[in-house]
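First up is the structure itself, then whatever we jot down about it.
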Amino acid sequence: MAVSSKIREMMAQGSWIRRMFEEGIALKQKFGEDAVFDLSLGNPILDPPAEFFDELSRIAADRAPGMHRYMPNAGYAQTRAAVAAQLGEETGLDFGAEDVIMTCGAGGALNVALKTLLDPGDEVVIFAPYFVEYFFYADNHGGACKVVPPTEGFLPDMAAFEDAIGARTRVVLVNSPNNPSGALYTERTLARLAEVIRRRERELGREIFLVSDEPYRKLLFDGLEYPHVFHHHARSLVATSHSKDLALPGERIGYVAIHPEYEDRVELMDGLVFCNRTLGFVNAPALMQRIVSKMQAVTVDIRQYQAKRDFMYESLTEIGYDVVKPQGAFYMFPKSPISDDVEFAARLQERNVLVVPGMGFGMPGHFRISFCVTDETLAGSIPGFRAAFVG
């Protein structure tokens with residue numbers, strides 16, 4: 001057999017997102033691009049901001065020696081300093097370049113962080129609905145995930161969260177704004193999470209790290225401001241990327257940042273740098289590091305995503321769907337009109353509308369819509385949603 005039994009099992013449990021995306025490709029080949037309404041994949045439709053192309057052109061013309069050589073595994077000092085300056089402006093904390101390591105996207109950032117923090121058998125507490133790759137990321141480094149259910153509005157059930165923290169808990173992993181729900185964890189929610197973590201740290205006699213996966217941090221709607229985990233727990237890290245806020249998912253550029261007041265941050269950073277190298281990432285892409293050093297205060301036009309959100313929310317609720325209005329990112333997570341979300345996704349697929357069943361995010365009975373697509377695709381999907389609805 002070409003594939004190990006473990007990987008074969010993981011592949012069978014693999015991402016519904018990619019599965020539905022591949023179904024969409026087949027449907028488009030059969031019926032044509034304009035007749036299929038694929039809302040399955042979070043692949044940003046917006047192009048990068050104009051500033052990105054200006055900087056890309058400038059760097060492409062730069063023939064200075066060493067532009068494409070290795071740099072320190074943590075990344076260019078000037079890029080790390082630029083990220084630190086932006087984080088300092090957003091949080092009011094004294095970040096320095098020594099608190100930042102550049103990575104190959106948020107996925108690379110999370111794997112580097114988990115490799116650094118986890119011993120075999122350690123646990124990572126995650127919150128439903130969740131990004132399914134978290135299970136595989138934890139397993140990559142000998143860990144396992146423990147899932148906490150949500151309350152209304154897709155915020156954590158605090159009693160269940162406290163029960164989930166045990167003797168092997170090492171990491172609490174949050175994702176806000178959330179994929180798939182678009183829910184934003186409030187300042188109060190983060191404060192309560194951190195309070196529970198610190199209490200359980202004292203009881204268990206071990207450090208527990210709060211890791212925030214936040215590639216959608218700058219994609220907030222209705223004038224909301226982002227509540228930072230750094231304000232609530234000294235043993236905190238941020239793992240993020242510019243895939244969404246600069247519309248650069250194919251360029252794989254992100255970073256990990258450590259709380260500047262964590263007392264063992266020097267050792268932690270040494271571990272992150274070591275793992276970035278030995279996991280095979282080596283360093284983040286050189287050209288992208290140079291570009292994003294100039295882009296830290298730049299974001300795509302969020303108004304376009306908010307308009308798409310408003311259109312889908314108003315259209316679906318008018319039909320009768322039960323939807324929590326997203327506060328950020330570019331997803332929404334309606335309740336399925338029937339209990340079997342996989343069956344409902346199949347009904348939509350019969351009408352050439354592609355969504356992802358909620359079971360792929362740990363919450364059967366829902367389905368995910370990605371509204372980071374063209375307005376024509378969104379509008380074209382509504383007749384299918386209307387025809388499939390069961391009141």
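The chains in the structure tokens are called A, B, ... from first to last as shown; in each chain the residues are counted from 1, and the ligands are counted from 1 in the order shown.
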Query raised in the report: Just asking: which residues within range 65-143 of chain A are strand (DSSP E) according to DSSP, as an MDAnalysis selection string?
Result: chainID A and resid 100:103 123:127
Exercise: range 51-54 of chain A partners within 12 Å, only C-alpha atoms, chain neighbours under 6 positions left out, as an mmCIF file with C-alpha atoms, in the first residue's frame:
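And here is the file that came out, around16.cif:
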```
data_model
loop_
_atom_site.group_PDB
_atom_site.id
_atom_site.type_symbol
_atom_site.label_atom_id
_atom_site.label_comp_id
_atom_site.auth_asym_id
_atom_site.auth_seq_id
_atom_site.Cartn_x
_atom_site.Cartn_y
_atom_site.Cartn_z
ATOM 1 C CA ALA A 60 11.140 43.127 -9.023
ATOM 2 C CA ALA A 61 13.324 45.861 -10.527
ATOM 3 C CA HIS A 242 -1.733 38.029 5.106
ATOM 4 C CA ASP A 245 -6.290 40.942 4.762
ATOM 5 C CA LEU A 246 -4.004 41.475 1.742
ATOM 6 C CA ALA A 247 -5.638 38.780 -0.451
ATOM 7 C CA LEU A 248 -2.384 36.807 -0.757
ATOM 8 C CA LEU A 287 10.153 38.635 -1.606
ATOM 9 C CA MET A 288 6.916 38.508 0.374
ATOM 10 C CA GLN A 289 8.747 39.424 3.561
ATOM 11 C CA ARG A 290 10.121 42.523 1.865
ATOM 12 C CA ILE A 291 6.716 43.486 0.506
ATOM 13 C CA VAL A 292 4.615 42.972 3.642
ATOM 14 C CA SER A 293 7.090 45.006 5.671
ATOM 15 C CA LYS A 294 5.547 47.979 3.824
ATOM 16 C CA MET A 295 1.958 46.694 4.052
ATOM 17 C CA GLN A 296 1.309 46.366 7.784
ATOM 18 C CA ALA A 297 -1.217 49.227 7.849
ATOM 19 C CA VAL A 298 -2.845 48.242 4.526
ATOM 20 C CA THR A 299 -5.957 46.075 4.074
ATOM 21 C CA VAL A 300 -8.263 45.121 1.237
#
```
Query raised in the report: Counting only C-alpha atoms, what is within 8 Å of range 130-133 of chain A, bar same-chain residues fewer than 4 positions away, as a list of chain:residue names?
Result: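 Residues meeting the cut-off are A:Gly14, A:Ser15, A:Ile126, A:Tyr137, A:Asn175, A:Asn178, A:Asn179, A:Pro180, A:Gly360, A:Phe361, A:Gly362.
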Query raised in the report: Leaving out Ile382 in chain A and any residue of its chain fewer than 4 positions from it, which residues lie within 9 Å of it when counting only C-alpha atoms, given as a VMD selection string?
Result: chain A and resid 312 315 to 316 353 378 386 to 387
**Report entry** Residue with smallest distance to Gly75 in chain A - pool A:Leu184, A:Leu348, A:Cys104, A:Val324, counting only C-alpha atoms
**Finding:** A:Cys104
Query raised in the report: What are the DSSP helix (DSSP H, G or I) residues of range 82-316 of chain A, as a PyMOL selection string?
Result: chain A and resi 82-91+97-99+105-117+133-140+152-154+158-164+187-204+229-231+249-251+265-278+286-292+302-316
For the residues selected in the previous step, produce a file with C-alpha atoms as a short mmCIF file (atom, residue, chain, number, x, y, z; two decimals), in the first residue's frame.
```
data_model
loop_
_atom_site.label_atom_id
_atom_site.label_comp_id
_atom_site.auth_asym_id
_atom_site.auth_seq_id
_atom_site.Cartn_x
_atom_site.Cartn_y
_atom_site.Cartn_z
CA ALA A 82 7.54 46.42 10.96
CA VAL A 83 5.18 43.72 12.24
CA ALA A 84 6.17 44.54 15.82
CA ALA A 85 5.50 48.24 15.27
CA GLN A 86 2.02 47.52 13.91
CA LEU A 87 1.22 45.19 16.81
CA GLY A 88 2.47 47.83 19.22
CA GLU A 89 0.18 50.41 17.64
CA GLU A 90 -2.82 48.08 17.82
CA THR A 91 -2.26 46.80 21.36
CA ALA A 97 11.43 42.50 16.33
CA GLU A 98 12.68 39.83 18.76
CA ASP A 99 9.04 38.95 19.56
CA GLY A 105 1.31 31.48 6.24
CA ALA A 106 -0.92 30.88 9.25
CA GLY A 107 -0.82 27.13 8.71
CA GLY A 108 2.96 27.22 8.96
CA ALA A 109 2.69 29.52 11.97
CA LEU A 110 0.38 27.14 13.83
CA ASN A 111 2.52 24.10 13.08
CA VAL A 112 5.65 25.90 14.26
CA ALA A 113 3.89 27.02 17.45
CA LEU A 114 2.45 23.58 18.24
CA LYS A 115 5.74 21.82 17.49
CA THR A 116 7.45 24.18 19.92
CA LEU A 117 4.88 23.85 22.72
CA GLU A 133 -7.14 21.11 10.05
CA TYR A 134 -6.51 21.84 13.75
CA PHE A 135 -6.84 18.12 14.45
CA PHE A 136 -4.19 17.28 11.89
CA TYR A 137 -1.88 20.09 13.01
CA ALA A 138 -2.02 18.84 16.62
CA ASP A 139 -1.46 15.25 15.52
CA ASN A 140 1.57 16.35 13.48
CA GLU A 152 -25.81 30.87 21.17
CA GLY A 153 -23.91 33.11 18.78
CA PHE A 154 -21.05 30.62 18.48
CA MET A 158 -17.46 28.55 29.66
CA ALA A 159 -18.49 25.71 31.95
CA ALA A 160 -17.62 23.16 29.28
CA PHE A 161 -14.35 24.99 28.65
CA GLU A 162 -13.30 24.74 32.29
CA ASP A 163 -14.16 21.03 32.30
CA ALA A 164 -12.10 20.50 29.12
CA GLU A 187 -13.25 41.43 25.09
CA ARG A 188 -15.39 39.91 27.85
CA THR A 189 -15.18 36.44 26.29
CA LEU A 190 -11.39 36.60 26.06
CA ALA A 191 -11.14 37.90 29.64
CA ARG A 192 -13.24 34.99 30.90
CA LEU A 193 -11.20 32.47 28.90
CA ALA A 194 -7.98 33.85 30.34
CA GLU A 195 -9.39 33.84 33.87
CA VAL A 196 -10.25 30.15 33.55
CA ILE A 197 -6.82 29.37 32.07
CA ARG A 198 -4.97 31.08 34.91
CA ARG A 199 -7.10 29.38 37.55
CA ARG A 200 -6.49 25.97 36.00
CA GLU A 201 -2.76 26.75 35.65
CA ARG A 202 -2.57 27.30 39.42
CA GLU A 203 -4.53 24.13 40.13
CA LEU A 204 -2.55 21.96 37.71
CA VAL A 229 -5.66 38.19 23.37
CA PHE A 230 -2.45 39.95 24.41
CA HIS A 231 -4.48 42.12 26.80
CA PRO A 249 -3.34 33.18 0.06
CA GLY A 250 -1.07 31.76 -2.62
CA GLU A 251 2.00 33.62 -1.36
CA ARG A 265 9.94 34.62 25.63
CA VAL A 266 13.64 34.37 24.67
CA GLU A 267 13.62 30.60 25.09
CA LEU A 268 10.21 30.36 23.40
CA MET A 269 11.45 32.35 20.42
CA ASP A 270 14.53 30.14 20.18
CA GLY A 271 12.20 27.15 20.04
CA LEU A 272 10.03 28.71 17.35
CA VAL A 273 13.06 29.53 15.21
CA PHE A 274 14.42 25.99 15.62
CA CYS A 275 11.07 24.44 14.66
CA ASN A 276 10.60 26.79 11.70
CA ARG A 277 13.89 25.42 10.36
CA THR A 278 13.55 21.74 11.24
CA ALA A 286 12.03 36.46 0.89
CA LEU A 287 10.15 38.63 -1.61
CA MET A 288 6.92 38.51 0.37
CA GLN A 289 8.75 39.42 3.56
CA ARG A 290 10.12 42.52 1.86
CA ILE A 291 6.72 43.49 0.51
CA VAL A 292 4.62 42.97 3.64
CA ILE A 302 -13.56 45.58 3.71
CA ARG A 303 -16.67 47.44 2.53
CA GLN A 304 -16.96 45.04 -0.38
CA TYR A 305 -17.08 42.01 1.92
CA GLN A 306 -19.56 43.76 4.20
CA ALA A 307 -21.84 44.43 1.24
CA LYS A 308 -21.64 40.76 0.25
CA ARG A 309 -22.43 39.74 3.83
CA ASP A 310 -25.42 42.05 3.95
CA PHE A 311 -26.80 40.74 0.66
CA MET A 312 -26.54 37.09 1.71
CA TYR A 313 -27.84 37.68 5.22
CA GLU A 314 -30.85 39.63 4.02
CA SER A 315 -31.58 37.20 1.19
CA LEU A 316 -31.36 34.07 3.33
#
```
Query raised in the report: What does the distance between CA of Leu173 in chain A and CA of Ser40 in chain A come to in Å, to one decimal place?
Result: 23.9 Å
Query raised in the report: Closest to Ser176 in chain A among A:Gly365, A:Pro215, A:Pro383, A:Gly142, using only C-alpha atoms?
Result: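 Nearest candidate to Ser176 in chain A out of A:Gly365, A:Pro215, A:Pro383, A:Gly142: A:Pro215.
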Query raised in the report: Which residue gives the smallest distance to Ser370 in chain A among A:Ser181, A:Thr151, A:Gln29, A:Gln349, with only C-alpha atoms counted?
Result: A:Ser181
Requested in this report: Kindly indicate which residue among A:Ala257, A:Ala128, A:Ile7, A:Leu279 lies nearest to His141 in chain A, using only C-alpha atoms for the distances.
Outcome: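 Smallest separation from His141 in chain A among the options: A:Leu279.
CA of Ala26 in chain A is found 28.8 Å from CA of Val323 in chain A.
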